[in-house]
file data36.txt (compact mmCIF, C-alpha atoms and all ligand atoms)
# COMPACT_ATOMS: atom_id res chain seq x y z
CA MET U 11 -83.79 4.65 -40.45
CA THR U 12 -80.45 6.22 -39.58
CA ARG U 13 -76.96 4.99 -40.43
CA ALA U 14 -74.83 4.53 -37.34
CA ALA U 15 -71.53 2.92 -36.31
CA VAL U 16 -72.80 0.29 -33.89
CA MET U 17 -70.64 -1.56 -31.39
CA ARG U 18 -72.51 -4.73 -30.42
CA ALA U 19 -70.39 -5.76 -27.42
CA LEU U 20 -67.48 -4.65 -25.26
CA ASP U 21 -64.31 -4.36 -27.37
CA GLY U 22 -66.25 -5.49 -30.41
CA PRO U 23 -65.85 -4.22 -33.96
CA LEU U 24 -67.71 -1.14 -35.18
CA ALA U 25 -70.06 -1.80 -38.07
CA VAL U 26 -72.27 0.64 -39.90
CA GLU U 27 -75.87 -0.47 -39.49
CA ASP U 28 -79.31 1.02 -39.87
CA ILE U 29 -80.84 1.95 -36.52
CA GLU U 30 -84.33 3.17 -35.76
CA LEU U 31 -84.13 6.26 -33.54
CA ASN U 32 -86.75 6.57 -30.80
CA PRO U 33 -89.43 9.12 -31.63
CA THR U 34 -88.43 12.63 -30.58
CA GLY U 35 -90.12 12.83 -27.18
CA PRO U 36 -91.15 15.81 -25.08
CA GLY U 37 -88.14 17.99 -24.36
CA GLN U 38 -86.05 16.19 -26.96
CA VAL U 39 -84.46 17.20 -30.23
CA ARG U 40 -83.42 15.20 -33.29
CA VAL U 41 -80.14 16.40 -34.73
CA ARG U 42 -78.56 15.58 -38.12
CA LEU U 43 -74.84 15.28 -37.46
CA ALA U 44 -72.42 17.20 -39.67
CA ALA U 45 -69.26 16.04 -37.93
CA ALA U 46 -68.11 14.13 -34.87
CA GLY U 47 -64.65 14.01 -33.32
CA VAL U 48 -63.24 10.75 -31.97
CA CYS U 49 -62.17 11.21 -28.34
CA HIS U 50 -60.13 8.95 -26.09
CA SER U 51 -63.21 8.59 -23.89
CA ASP U 52 -64.90 6.77 -26.82
CA LEU U 53 -62.03 4.28 -26.77
CA SER U 54 -62.29 4.00 -22.97
CA LEU U 55 -66.04 3.27 -23.26
CA ALA U 56 -65.36 0.74 -26.01
CA ASP U 57 -62.69 -1.16 -24.09
CA GLY U 58 -64.36 -1.15 -20.66
CA THR U 59 -62.10 1.43 -18.97
CA LEU U 60 -65.30 3.48 -18.58
CA ARG U 61 -68.73 1.84 -18.14
CA GLN U 62 -71.00 1.57 -21.16
CA PRO U 63 -74.06 -0.60 -21.89
CA PHE U 64 -74.08 -2.36 -25.29
CA PRO U 65 -75.04 -2.42 -28.14
CA ALA U 66 -73.93 1.16 -28.33
CA VAL U 67 -73.43 4.04 -30.71
CA LEU U 68 -70.45 5.91 -29.31
CA GLY U 69 -69.41 9.46 -30.21
CA HIS U 70 -70.00 12.46 -27.96
CA GLU U 71 -68.12 15.31 -29.68
CA GLY U 72 -70.61 16.34 -32.32
CA ALA U 73 -72.23 19.23 -34.11
CA GLY U 74 -75.10 19.32 -36.54
CA VAL U 75 -78.44 20.74 -37.53
CA VAL U 76 -81.74 20.40 -35.66
CA VAL U 77 -84.26 18.50 -37.78
CA GLU U 78 -87.12 18.03 -35.31
CA THR U 79 -88.11 19.30 -31.88
CA GLY U 80 -90.33 17.45 -29.41
CA ALA U 81 -93.22 18.84 -27.41
CA GLY U 82 -92.37 21.68 -25.06
CA VAL U 83 -89.00 22.52 -26.61
CA THR U 84 -88.42 26.26 -26.73
CA GLY U 85 -85.50 28.20 -28.11
CA LEU U 86 -84.59 25.60 -30.76
CA ALA U 87 -86.10 25.07 -34.18
CA PRO U 88 -85.42 22.93 -37.25
CA GLY U 89 -82.46 24.36 -39.15
CA ASP U 90 -80.63 25.60 -36.05
CA HIS U 91 -76.95 24.70 -35.84
CA VAL U 92 -75.93 23.14 -32.54
CA VAL U 93 -72.98 21.66 -30.68
CA LEU U 94 -73.81 18.64 -28.53
CA ASN U 95 -73.16 18.72 -24.80
CA TRP U 96 -72.45 15.22 -23.41
CA SER U 97 -72.98 16.34 -19.82
CA PRO U 98 -76.15 18.41 -20.00
CA PRO U 99 -76.97 20.06 -16.67
CA CYS U 100 -80.50 19.95 -15.23
CA ARG U 101 -80.16 23.49 -13.81
CA ALA U 102 -82.06 22.41 -10.70
CA CYS U 103 -79.90 20.03 -8.62
CA TRP U 104 -77.61 21.08 -5.77
CA PHE U 105 -74.54 21.28 -8.05
CA CYS U 106 -76.31 23.25 -10.76
CA GLU U 107 -77.63 25.67 -8.17
CA HIS U 108 -74.14 26.11 -6.71
CA GLY U 109 -72.40 27.01 -9.98
CA GLU U 110 -71.01 23.55 -10.75
CA PRO U 111 -73.15 22.38 -13.70
CA TYR U 112 -70.33 20.06 -14.84
CA LEU U 113 -71.08 17.96 -11.75
CA CYS U 114 -74.87 17.86 -12.29
CA VAL U 115 -76.38 14.73 -10.74
CA HIS U 116 -78.60 14.28 -13.81
CA ALA U 117 -75.84 14.80 -16.40
CA ASP U 118 -75.73 11.10 -17.21
CA ASP U 119 -79.47 10.35 -17.07
CA ALA U 120 -79.59 9.71 -20.84
CA ARG U 121 -76.78 7.16 -20.73
CA GLY U 122 -78.75 4.27 -19.28
CA VAL U 123 -81.81 4.64 -21.51
CA PRO U 124 -81.78 3.29 -25.09
CA PHE U 125 -82.07 5.98 -27.76
CA ALA U 126 -82.72 3.65 -30.69
CA THR U 127 -83.24 0.07 -31.75
CA ALA U 128 -81.33 -2.07 -34.24
CA ALA U 129 -83.09 -5.16 -35.55
CA GLY U 130 -85.52 -4.80 -32.63
CA GLU U 131 -82.76 -4.68 -30.00
CA PRO U 132 -82.32 -1.58 -27.80
CA VAL U 133 -79.22 0.53 -28.55
CA TYR U 134 -77.56 2.94 -26.11
CA ALA U 135 -75.95 6.27 -26.94
CA GLY U 136 -72.35 6.72 -25.76
CA LEU U 137 -72.36 9.44 -23.05
CA GLY U 138 -76.02 9.91 -23.90
CA THR U 139 -75.02 11.50 -27.20
CA GLY U 140 -74.61 8.85 -29.93
CA ALA U 141 -72.76 11.10 -32.36
CA PHE U 142 -71.36 8.31 -34.56
CA ALA U 143 -74.71 8.31 -36.34
CA ALA U 144 -76.13 10.33 -39.20
CA GLU U 145 -78.85 11.49 -36.80
CA THR U 146 -79.33 11.28 -33.04
CA VAL U 147 -81.98 12.17 -30.46
CA VAL U 148 -80.88 14.12 -27.36
CA GLY U 149 -82.42 16.36 -24.73
CA ALA U 150 -82.90 19.97 -25.81
CA HIS U 151 -80.60 20.98 -22.95
CA ALA U 152 -77.81 18.98 -24.65
CA CYS U 153 -77.91 21.33 -27.65
CA ILE U 154 -75.82 24.50 -27.62
CA PRO U 155 -76.83 26.81 -30.49
CA VAL U 156 -74.01 28.11 -32.68
CA PRO U 157 -74.25 30.77 -35.39
CA ASP U 158 -74.72 29.49 -38.95
CA ASP U 159 -71.45 30.92 -40.22
CA ILE U 160 -69.30 28.77 -37.91
CA PRO U 161 -68.18 25.64 -39.81
CA LEU U 162 -69.86 22.69 -38.07
CA ALA U 163 -66.79 20.49 -38.51
CA GLU U 164 -64.80 22.88 -36.34
CA ALA U 165 -67.69 23.51 -33.96
CA ALA U 166 -67.87 19.78 -33.21
CA LEU U 167 -64.46 19.95 -31.52
CA LEU U 168 -65.82 22.44 -29.03
CA GLY U 169 -68.18 19.75 -27.72
CA CYS U 170 -65.47 17.83 -25.87
CA ALA U 171 -61.76 18.42 -26.60
CA VAL U 172 -61.80 22.20 -26.59
CA LEU U 173 -64.26 22.79 -23.74
CA THR U 174 -62.31 20.25 -21.70
CA GLY U 175 -58.76 21.31 -22.56
CA VAL U 176 -59.22 25.08 -22.60
CA GLY U 177 -61.64 24.94 -19.65
CA ALA U 178 -59.12 22.98 -17.56
CA VAL U 179 -56.63 25.80 -17.93
CA THR U 180 -58.95 28.79 -17.65
CA ASN U 181 -61.74 27.53 -15.33
CA ALA U 182 -60.15 24.82 -13.19
CA ALA U 183 -56.44 25.76 -12.99
CA ARG U 184 -57.16 29.48 -13.51
CA VAL U 185 -53.70 30.05 -14.98
CA ARG U 186 -52.63 33.68 -14.65
CA PRO U 187 -50.52 35.69 -17.13
CA GLY U 188 -46.82 34.93 -16.75
CA GLN U 189 -47.27 31.55 -15.08
CA THR U 190 -45.57 28.39 -16.30
CA VAL U 191 -47.66 25.44 -17.49
CA VAL U 192 -46.84 21.83 -18.29
CA VAL U 193 -49.31 19.89 -20.44
CA VAL U 194 -48.97 16.10 -20.19
CA GLY U 195 -50.48 14.23 -23.16
CA LEU U 196 -50.96 15.85 -26.55
CA GLY U 197 -54.15 14.39 -27.98
CA GLY U 198 -57.11 16.60 -28.87
CA VAL U 199 -57.60 17.53 -25.21
CA GLY U 200 -53.93 18.31 -24.47
CA LEU U 201 -53.50 20.34 -27.67
CA ALA U 202 -56.56 22.37 -26.68
CA ALA U 203 -55.02 22.84 -23.20
CA ILE U 204 -51.89 24.24 -24.86
CA GLN U 205 -54.03 26.77 -26.67
CA GLY U 206 -55.80 27.54 -23.38
CA ALA U 207 -52.45 28.19 -21.71
CA ARG U 208 -51.50 30.53 -24.56
CA LEU U 209 -54.85 32.34 -24.22
CA ALA U 210 -54.22 32.69 -20.47
CA GLY U 211 -50.88 34.37 -21.14
CA ALA U 212 -48.62 31.64 -19.77
CA SER U 213 -44.92 32.48 -20.05
CA ALA U 214 -43.66 28.93 -20.64
CA ILE U 215 -45.81 26.10 -21.97
CA ILE U 216 -44.02 22.77 -21.75
CA ALA U 217 -45.65 20.02 -23.82
CA VAL U 218 -45.01 16.39 -22.80
CA ASP U 219 -45.79 13.34 -24.94
CA PRO U 220 -43.88 10.19 -25.88
CA ALA U 221 -44.70 10.63 -29.57
CA PRO U 222 -42.08 12.92 -31.16
CA ALA U 223 -44.51 13.49 -34.04
CA LYS U 224 -46.56 15.68 -31.67
CA GLU U 225 -43.76 18.19 -31.18
CA ALA U 226 -44.27 20.35 -34.28
CA LEU U 227 -48.02 20.69 -33.78
CA ALA U 228 -47.65 21.49 -30.07
CA LEU U 229 -45.10 24.20 -30.83
CA SER U 230 -47.28 25.67 -33.58
CA LEU U 231 -50.23 25.93 -31.16
CA GLY U 232 -48.26 27.79 -28.51
CA ALA U 233 -46.00 25.37 -26.65
CA THR U 234 -42.59 26.85 -25.92
CA HIS U 235 -40.90 23.49 -25.25
CA TYR U 236 -41.50 19.83 -26.03
CA LEU U 237 -40.24 16.99 -23.84
CA ALA U 238 -40.65 13.23 -24.03
CA PRO U 239 -41.57 11.60 -20.69
CA HIS U 240 -38.72 9.83 -18.85
CA ALA U 241 -37.53 9.23 -15.31
CA GLY U 242 -35.80 12.62 -15.12
CA LEU U 243 -38.74 14.63 -16.46
CA ALA U 244 -39.39 16.65 -13.30
CA LYS U 245 -35.72 17.66 -13.14
CA GLU U 246 -35.78 18.73 -16.79
CA ILE U 247 -38.90 20.82 -16.11
CA ARG U 248 -37.25 22.47 -13.08
CA ALA U 249 -34.34 23.43 -15.33
CA LEU U 250 -36.79 25.19 -17.67
CA THR U 251 -38.64 26.98 -14.84
CA GLY U 252 -35.91 28.74 -12.86
CA GLY U 253 -35.18 25.66 -10.77
CA LEU U 254 -38.69 25.68 -9.28
CA GLY U 255 -40.99 23.41 -11.26
CA ALA U 256 -44.07 24.65 -13.09
CA ASP U 257 -46.84 26.71 -11.52
CA HIS U 258 -49.33 24.39 -13.21
CA ALA U 259 -49.48 20.97 -14.81
CA ILE U 260 -52.49 19.84 -16.81
CA GLU U 261 -52.81 16.04 -17.09
CA CYS U 262 -54.52 14.99 -20.32
CA VAL U 263 -53.82 11.24 -20.49
CA GLY U 264 -55.75 9.51 -17.72
CA ARG U 265 -53.19 7.14 -16.17
CA GLY U 266 -51.87 6.84 -12.64
CA GLU U 267 -48.31 7.26 -13.86
CA THR U 268 -49.03 10.46 -15.81
CA ILE U 269 -51.11 11.99 -13.00
CA ARG U 270 -48.14 11.38 -10.74
CA ALA U 271 -45.76 12.86 -13.34
CA ALA U 272 -47.96 15.96 -13.67
CA TRP U 273 -47.98 16.44 -9.89
CA SER U 274 -44.18 16.02 -9.73
CA ALA U 275 -43.72 18.54 -12.55
CA THR U 276 -45.12 21.39 -10.46
CA ARG U 277 -43.23 23.62 -8.03
CA ARG U 278 -43.73 23.62 -4.25
CA GLY U 279 -47.18 25.17 -3.85
CA GLY U 280 -48.03 24.46 -7.51
CA THR U 281 -51.21 22.95 -8.90
CA ALA U 282 -51.79 19.79 -10.93
CA THR U 283 -55.11 19.72 -12.75
CA VAL U 284 -56.26 16.25 -13.79
CA VAL U 285 -58.42 16.06 -16.88
CA GLY U 286 -57.65 12.50 -17.99
CA LEU U 287 -60.23 9.86 -17.07
CA GLY U 288 -58.57 6.54 -16.41
CA SER U 289 -59.32 3.15 -14.93
CA ALA U 290 -60.59 2.51 -11.38
CA GLN U 291 -57.90 -0.21 -11.26
CA ASP U 292 -55.02 2.21 -11.88
CA PRO U 293 -53.85 3.80 -8.61
CA VAL U 294 -51.89 7.02 -8.12
CA THR U 295 -49.44 6.88 -5.22
CA PHE U 296 -47.96 9.53 -2.95
CA ASN U 297 -45.70 8.99 0.05
CA ALA U 298 -46.62 10.36 3.45
CA LEU U 299 -43.86 12.98 3.46
CA GLU U 300 -44.22 14.62 0.09
CA VAL U 301 -47.88 15.64 0.17
CA ALA U 302 -47.44 18.17 2.98
CA PHE U 303 -43.84 19.00 2.14
CA PHE U 304 -44.47 20.07 -1.45
CA ALA U 305 -47.75 21.78 -0.47
CA ARG U 306 -49.14 21.19 -3.96
CA THR U 307 -52.77 21.21 -4.95
CA ILE U 308 -54.30 18.46 -7.05
CA VAL U 309 -57.50 19.47 -8.83
CA GLY U 310 -59.86 17.04 -10.55
CA CYS U 311 -61.60 18.51 -13.54
CA MET U 312 -64.73 17.26 -15.30
CA TYR U 313 -65.57 18.68 -18.74
CA GLY U 314 -63.12 21.53 -18.19
CA SER U 315 -65.22 22.76 -15.24
CA THR U 316 -67.27 24.50 -17.92
CA ASP U 317 -70.87 25.38 -18.47
CA PRO U 318 -71.06 24.78 -22.23
CA ALA U 319 -73.95 27.23 -22.55
CA VAL U 320 -71.61 29.94 -21.22
CA ASP U 321 -68.24 28.71 -22.45
CA VAL U 322 -69.07 27.75 -26.05
CA PRO U 323 -69.92 31.39 -26.92
CA ILE U 324 -66.69 32.54 -25.24
CA LEU U 325 -64.66 29.98 -27.20
CA LEU U 326 -66.37 31.10 -30.40
CA GLU U 327 -65.28 34.68 -29.71
CA HIS U 328 -61.69 33.47 -29.42
CA TYR U 329 -62.15 31.47 -32.63
CA ARG U 330 -63.54 34.45 -34.55
CA ALA U 331 -60.72 36.65 -33.32
CA GLY U 332 -58.16 34.12 -34.56
CA ARG U 333 -56.97 33.26 -31.06
CA LEU U 334 -58.21 29.67 -31.11
CA ASP U 335 -57.24 27.34 -33.95
CA LEU U 336 -59.83 24.57 -34.20
CA ALA U 337 -58.87 23.20 -37.62
CA ALA U 338 -55.31 22.54 -36.43
CA LEU U 339 -56.61 19.94 -33.98
CA VAL U 340 -57.86 17.75 -36.82
CA SER U 341 -55.19 15.39 -38.13
CA ASP U 342 -57.48 12.97 -39.98
CA GLU U 343 -60.94 12.91 -41.51
CA VAL U 344 -62.83 9.65 -42.06
CA GLU U 345 -66.20 8.33 -43.09
CA LEU U 346 -68.47 6.76 -40.49
CA ALA U 347 -67.40 3.24 -41.51
CA ASP U 348 -63.79 4.02 -40.58
CA VAL U 349 -64.16 5.16 -36.95
CA GLY U 350 -62.23 2.01 -36.01
CA GLU U 351 -59.15 3.44 -37.76
CA ALA U 352 -59.27 6.39 -35.39
CA PHE U 353 -59.32 4.00 -32.42
CA SER U 354 -56.22 2.24 -33.77
CA ARG U 355 -54.39 5.53 -34.21
CA MET U 356 -55.33 6.55 -30.68
CA ARG U 357 -54.09 3.27 -29.21
CA ALA U 358 -50.78 3.93 -30.96
CA GLY U 359 -50.66 7.56 -29.71
CA GLN U 360 -50.75 8.83 -33.29
CA GLY U 361 -52.43 11.90 -34.71
CA ALA U 362 -54.54 14.55 -32.99
CA ARG U 363 -58.31 14.52 -33.54
CA THR U 364 -59.91 12.29 -36.13
CA LEU U 365 -63.11 13.85 -37.42
CA VAL U 366 -65.97 11.79 -38.83
CA ARG U 367 -67.64 13.75 -41.65
CA PHE U 368 -71.21 12.92 -42.58
N1 LIG U 401 -46.83 10.85 -20.96
C1 LIG U 401 -47.35 11.83 -21.73
N2 LIG U 401 -48.25 11.60 -22.72
C2 LIG U 401 -48.66 10.34 -22.91
C3 LIG U 401 -48.15 9.27 -22.13
C4 LIG U 401 -47.19 9.56 -21.13
N3 LIG U 401 -46.67 8.61 -20.36
N4 LIG U 401 -48.74 8.12 -22.60
C5 LIG U 401 -49.55 8.47 -23.60
N5 LIG U 401 -49.51 9.81 -23.80
C6 LIG U 401 -50.15 10.62 -24.83
C7 LIG U 401 -50.44 9.88 -26.13
O1 LIG U 401 -49.26 9.76 -26.93
C8 LIG U 401 -51.48 10.80 -26.79
O2 LIG U 401 -50.85 11.79 -27.59
O3 LIG U 401 -51.43 11.07 -24.42
C9 LIG U 401 -52.15 11.47 -25.58
C10 LIG U 401 -53.60 11.10 -25.42
O4 LIG U 401 -54.29 11.58 -26.53
P1 LIG U 401 -55.65 10.95 -27.04
O5 LIG U 401 -55.57 9.47 -26.99
O6 LIG U 401 -55.97 11.61 -28.34
O7 LIG U 401 -56.69 11.40 -25.89
P2 LIG U 401 -57.67 12.66 -25.76
O8 LIG U 401 -58.89 12.42 -26.57
O9 LIG U 401 -56.90 13.91 -25.94
O10 LIG U 401 -58.13 12.51 -24.24
C11 LIG U 401 -57.19 12.62 -23.17
O11 LIG U 401 -58.84 13.25 -21.56
O12 LIG U 401 -61.14 13.39 -21.64
C12 LIG U 401 -60.05 12.60 -21.27
O13 LIG U 401 -60.87 10.32 -21.51
C13 LIG U 401 -59.98 11.30 -22.04
O14 LIG U 401 -58.39 10.38 -20.54
C14 LIG U 401 -58.55 10.93 -21.83
C15 LIG U 401 -57.85 12.28 -21.87
ZN ZN U 402 -64.49 13.38 -25.05
call {"tool": "encode", "arguments": {"input": "data36.txt", "output": "C-alpha cells"}}
result
Amino acid sequence: MTRAAVMRALDGPLAVEDIELNPTGPGQVRVRLAAAGVCHSDLSLADGTLRQPFPAVLGHEGAGVVVETGAGVTGLAPGDHVVLNWSPPCRACWFCEHGEPYLCVHADDARGVPFATAAGEPVYAGLGTGAFAAETVVGAHACIPVPDDIPLAEAALLGCAVLTGVGAVTNAARVRPGQTVVVVGLGGVGLAAIQGARLAGASAIIAVDPAPAKEALALSLGATHYLAPHAGLAKEIRALTGGLGADHAIECVGRGETIRAAWSATRRGGTATVVGLGSAQDPVTFNALEVAFFARTIVGCMYGSTDPAVDVPILLEHYRAGRLDLAALVSDEVELADVGEAFSRMRAGQGARTLVRF
C-alpha cells in the first residue's frame, strides 16, 4: 500500500488514499519519492486543459530513491537517488535517432496505462509519473541518477521547471552572450528561464508578470527589469532595448495572449520561444502583414528541448558551482494532503514552486 493524492474525476478534489502499485515489471523501477514540485501542467491536467484519464495521481516533477528494480534493469539499484523524467525517450524512434529525444513518439506510452489500483479501480499516473505518491512505479528510462550529496528536494525541481526553463533558453532559443531576453510568466518555469538567461550571459533580462510580488524574486535570480503586462508592453520593452525590441522572448504561461505578447516583445528578426502549454481552444492570431514584415521566428519548445540524461548532469554542475539557485524557486512546502493549496495559489498567480515533502 502506498499513500497518494488521488484525483477521482476531472476538476475533482485531491484526497490522500491508499493505492496498490502494480508490481514492478520488467524494465521498471519502484521509486520512493522524497519531494515533488507542483507544476502548472498538473493544474492543466486536473482542469482538462491537457488530457488526462481519471482516477489519477498527478505530479511529474519528482526525485527520490530507488527501492526495487524489475527484471532486465541495468544501471540502477536499490538506494540510488534519481530524478524522474516525465518524457522518457525510447532511444530508437525517428526523433530519438535524430537528436530530438524530447519529441520521442513513445514518451507518453506510460500515460494511458494504469500504474496502480485504488479500491480495485485502475489509477493512472499523471504524465506517466505519479509523483504525488509516497512511491511510484516508472520505466527505468524515466530515472536519471543523481549523486547522493545533492539534496533530493532541490533535485526534484530539475525534473520539470528547471530542465524546461533553462533548456528553453540554452537549447531552444540558444541565447548568446550580450543578447536581450524577455521572460513572460514568472512561475517555476519562468524563474528558471531567468536563471538560464543569466547563465547564457544575456545583457538585459526583462521579467514580465502581472503579480508585483514576483518582482523581488525575479530580480534576485538575475532579471534586470520587471514589468507588468499591459497594452503598451512592447513599446516599454523597445525603450529598454535601444528602440529595437528584445533578441529573445521566452513564453512561460501558455495562453494565446501571452504567446502573442512574447512575439511582439521581440525585435525585427528576433525569436519568441514558446514553453507554455495551453488549451487547444485558445488561438494565437497574427495578421497577414506582420509575419513577413517583422521576420521573427517563433519556436515551440517541449521539455526545454532537453535530453534529461545529458542536461541534468550539466545543470548539476551549474548548481554545484553556485550558478543555479534551486532552493530559491521554492516558495512553499506542503504535505501530500495539501497539494490542493498549491493549485489554489497557482490559479491566483501566487508564489513560485510549491514542493511536496514526503
Ligand atoms: N503575462 C505574464 N505572466 C502571466 C500572465 C500574463 N498575461 N498571466 C499569468 N501570468 C503568470 C502568473 O502570474 C504566474 O506567475 O504566469 C505565471 C505562471 O506560473 P505557474 O502557474 O507557476 O506555471 P509554471 O509551472 O511555471 O508553468 C508555466 O509552462 O510547462 C508549462 O504547462 C506549463 O503552461 C505552463 C507554463
Ligand atoms: Zn511540469
call {"tool": "residues_near_ligand", "arguments": {"input": "data36.txt", "ligand": "ligand LIG 401 (chain U)", "cutoff": "6 Å", "atoms": "only C-alpha atoms and all ligand atoms", "output": "short mmCIF file (atom, residue, chain, number, x, y, z; two decimals) with C-alpha atoms, keeping the file's coordinate frame"}}
result
data_model
loop_
_atom_site.label_atom_id
_atom_site.label_comp_id
_atom_site.auth_asym_id
_atom_site.auth_seq_id
_atom_site.Cartn_x
_atom_site.Cartn_y
_atom_site.Cartn_z
CA CYS U 49 -62.17 11.21 -28.34
CA HIS U 50 -60.13 8.95 -26.09
CA SER U 51 -63.21 8.59 -23.89
CA VAL U 194 -48.97 16.10 -20.19
CA GLY U 195 -50.48 14.23 -23.16
CA LEU U 196 -50.96 15.85 -26.55
CA GLY U 197 -54.15 14.39 -27.98
CA GLY U 198 -57.11 16.60 -28.87
CA VAL U 199 -57.60 17.53 -25.21
CA GLY U 200 -53.93 18.31 -24.47
CA VAL U 218 -45.01 16.39 -22.80
CA ASP U 219 -45.79 13.34 -24.94
CA PRO U 220 -43.88 10.19 -25.88
CA ALA U 221 -44.70 10.63 -29.57
CA PRO U 239 -41.57 11.60 -20.69
CA CYS U 262 -54.52 14.99 -20.32
CA VAL U 263 -53.82 11.24 -20.49
CA GLY U 264 -55.75 9.51 -17.72
CA THR U 268 -49.03 10.46 -15.81
CA VAL U 285 -58.42 16.06 -16.88
CA GLY U 286 -57.65 12.50 -17.99
CA LEU U 287 -60.23 9.86 -17.07
CA GLY U 288 -58.57 6.54 -16.41
CA MET U 356 -55.33 6.55 -30.68
CA GLY U 359 -50.66 7.56 -29.71
CA ALA U 362 -54.54 14.55 -32.99
#
call {"tool": "residues_near_point", "arguments": {"input": "data36.txt", "point": "(-58.9, 22.4, -27.8)", "cutoff": "9 Å", "atoms": "only C-alpha atoms", "output": "number ranges by chain"}}
result
U: 167-168, 170-177, 198-206, 334-336, 339
call {"tool": "residues_around", "arguments": {"input": "data36.txt", "residues": "Val320 in chain U", "least_positions_apart": "5", "cutoff": "12 Å", "atoms": "all atoms listed in the file", "output": "ChimeraX atom specification"}}
result
/U:95,109,111-112,154-156,173,177,181,315,325-327
call {"tool": "closest_residue", "arguments": {"input": "data36.txt", "among": "U:Ser97, U:Ser230, U:Ser274, U:Thr283", "to": "ligand ZN 402 (chain U)", "atoms": "all atoms listed in the file"}}
result
U:Ser97
call {"tool": "residues_around", "arguments": {"input": "data36.txt", "residues": "Ala275 in chain U", "least_positions_apart": "5", "cutoff": "12 Å", "atoms": "only C-alpha atoms", "output": "ChimeraX atom specification"}}
result
/U:190-194,216-218,237,239-251,253-261,268-270,280-283,304,306,308
call {"tool": "residues_around", "arguments": {"input": "data36.txt", "residues": "Cys103 in chain U", "least_positions_apart": "4", "cutoff": "9 Å", "atoms": "all atoms listed in the file", "output": "PyMOL selection string"}}
result
chain U and resi 99+107-108+111+114-116
call {"tool": "write_last_selection", "arguments": {"input": "data36.txt", "atoms": "C-alpha atoms", "output": "PDB file, keeping the file's coordinate frame"}}
result
ATOM      1  CA  PRO U  99     -76.970  20.060 -16.670  1.00  0.00           C
ATOM      2  CA  GLU U 107     -77.630  25.670  -8.170  1.00  0.00           C
ATOM      3  CA  HIS U 108     -74.140  26.110  -6.710  1.00  0.00           C
ATOM      4  CA  PRO U 111     -73.150  22.380 -13.700  1.00  0.00           C
ATOM      5  CA  CYS U 114     -74.870  17.860 -12.290  1.00  0.00           C
ATOM      6  CA  VAL U 115     -76.380  14.730 -10.740  1.00  0.00           C
ATOM      7  CA  HIS U 116     -78.600  14.280 -13.810  1.00  0.00           C
TER       8      HIS U 116
END
call {"tool": "closest_residue", "arguments": {"input": "data36.txt", "among": "U:Thr307, U:Thr364, U:Thr34, U:Thr139", "to": "Ser341 in chain U", "atoms": "all atoms listed in the file"}}
result
U:Thr364
call {"tool": "atom_distance", "arguments": {"input": "data36.txt", "atom1": "CA of Ala298 in chain U", "atom2": "CA of Ala178 in chain U"}}
result
27.5 Å
call {"tool": "closest_residue", "arguments": {"input": "data36.txt", "among": "U:Val366, U:Val322, U:Val92, U:Asp158", "to": "Glu345 in chain U", "atoms": "only C-alpha atoms"}}
result
U:Val366
call {"tool": "residues_around", "arguments": {"input": "data36.txt", "residues": "Met11 in chain U", "least_positions_apart": "5", "cutoff": "12 Å", "atoms": "only C-alpha atoms", "output": "list in words"}}
result
Glu27, Asp28, Ile29, Glu30, Leu31, Asn32, Pro33, Ala126, Thr127, Ala128, Ala129, Ala143, Ala144, Glu145 and Thr146 of chain U
call {"tool": "closest_residue", "arguments": {"input": "data36.txt", "among": "U:Ala182, U:Leu137, U:Ala338, U:Ala46", "to": "Gly74 in chain U", "atoms": "only C-alpha atoms"}}
result
U:Ala46
call {"tool": "residues_around", "arguments": {"input": "data36.txt", "residues": "Gln62 in chain U", "least_positions_apart": "6", "cutoff": "12 Å", "atoms": "all atoms listed in the file", "output": "list in words"}}
result
Met17, Arg18, Ala19, Leu20, Asp21, Ser51, Asp52, Leu53, Ser54, Leu55, Ala56, Leu68, Asp118, Ala120, Arg121, Gly122, Val123, Pro124, Val133, Tyr134, Ala135, Gly136, Leu137, Gly138 and Gly140 of chain U
call {"tool": "atom_distance", "arguments": {"input": "data36.txt", "atom1": "CA of Leu24 in chain U", "atom2": "CA of Arg42 in chain U"}}
result
20.1 Å
call {"tool": "atom_distance", "arguments": {"input": "data36.txt", "atom1": "CA of Tyr329 in chain U", "atom2": "atom ZN of ligand ZN 402 (chain U)"}}
result
19.8 Å
call {"tool": "closest_residue", "arguments": {"input": "data36.txt", "among": "U:Arg13, U:Arg265, U:His70, U:Arg330", "to": "ligand ZN 402 (chain U)", "atoms": "all atoms listed in the file"}}
result
U:His70
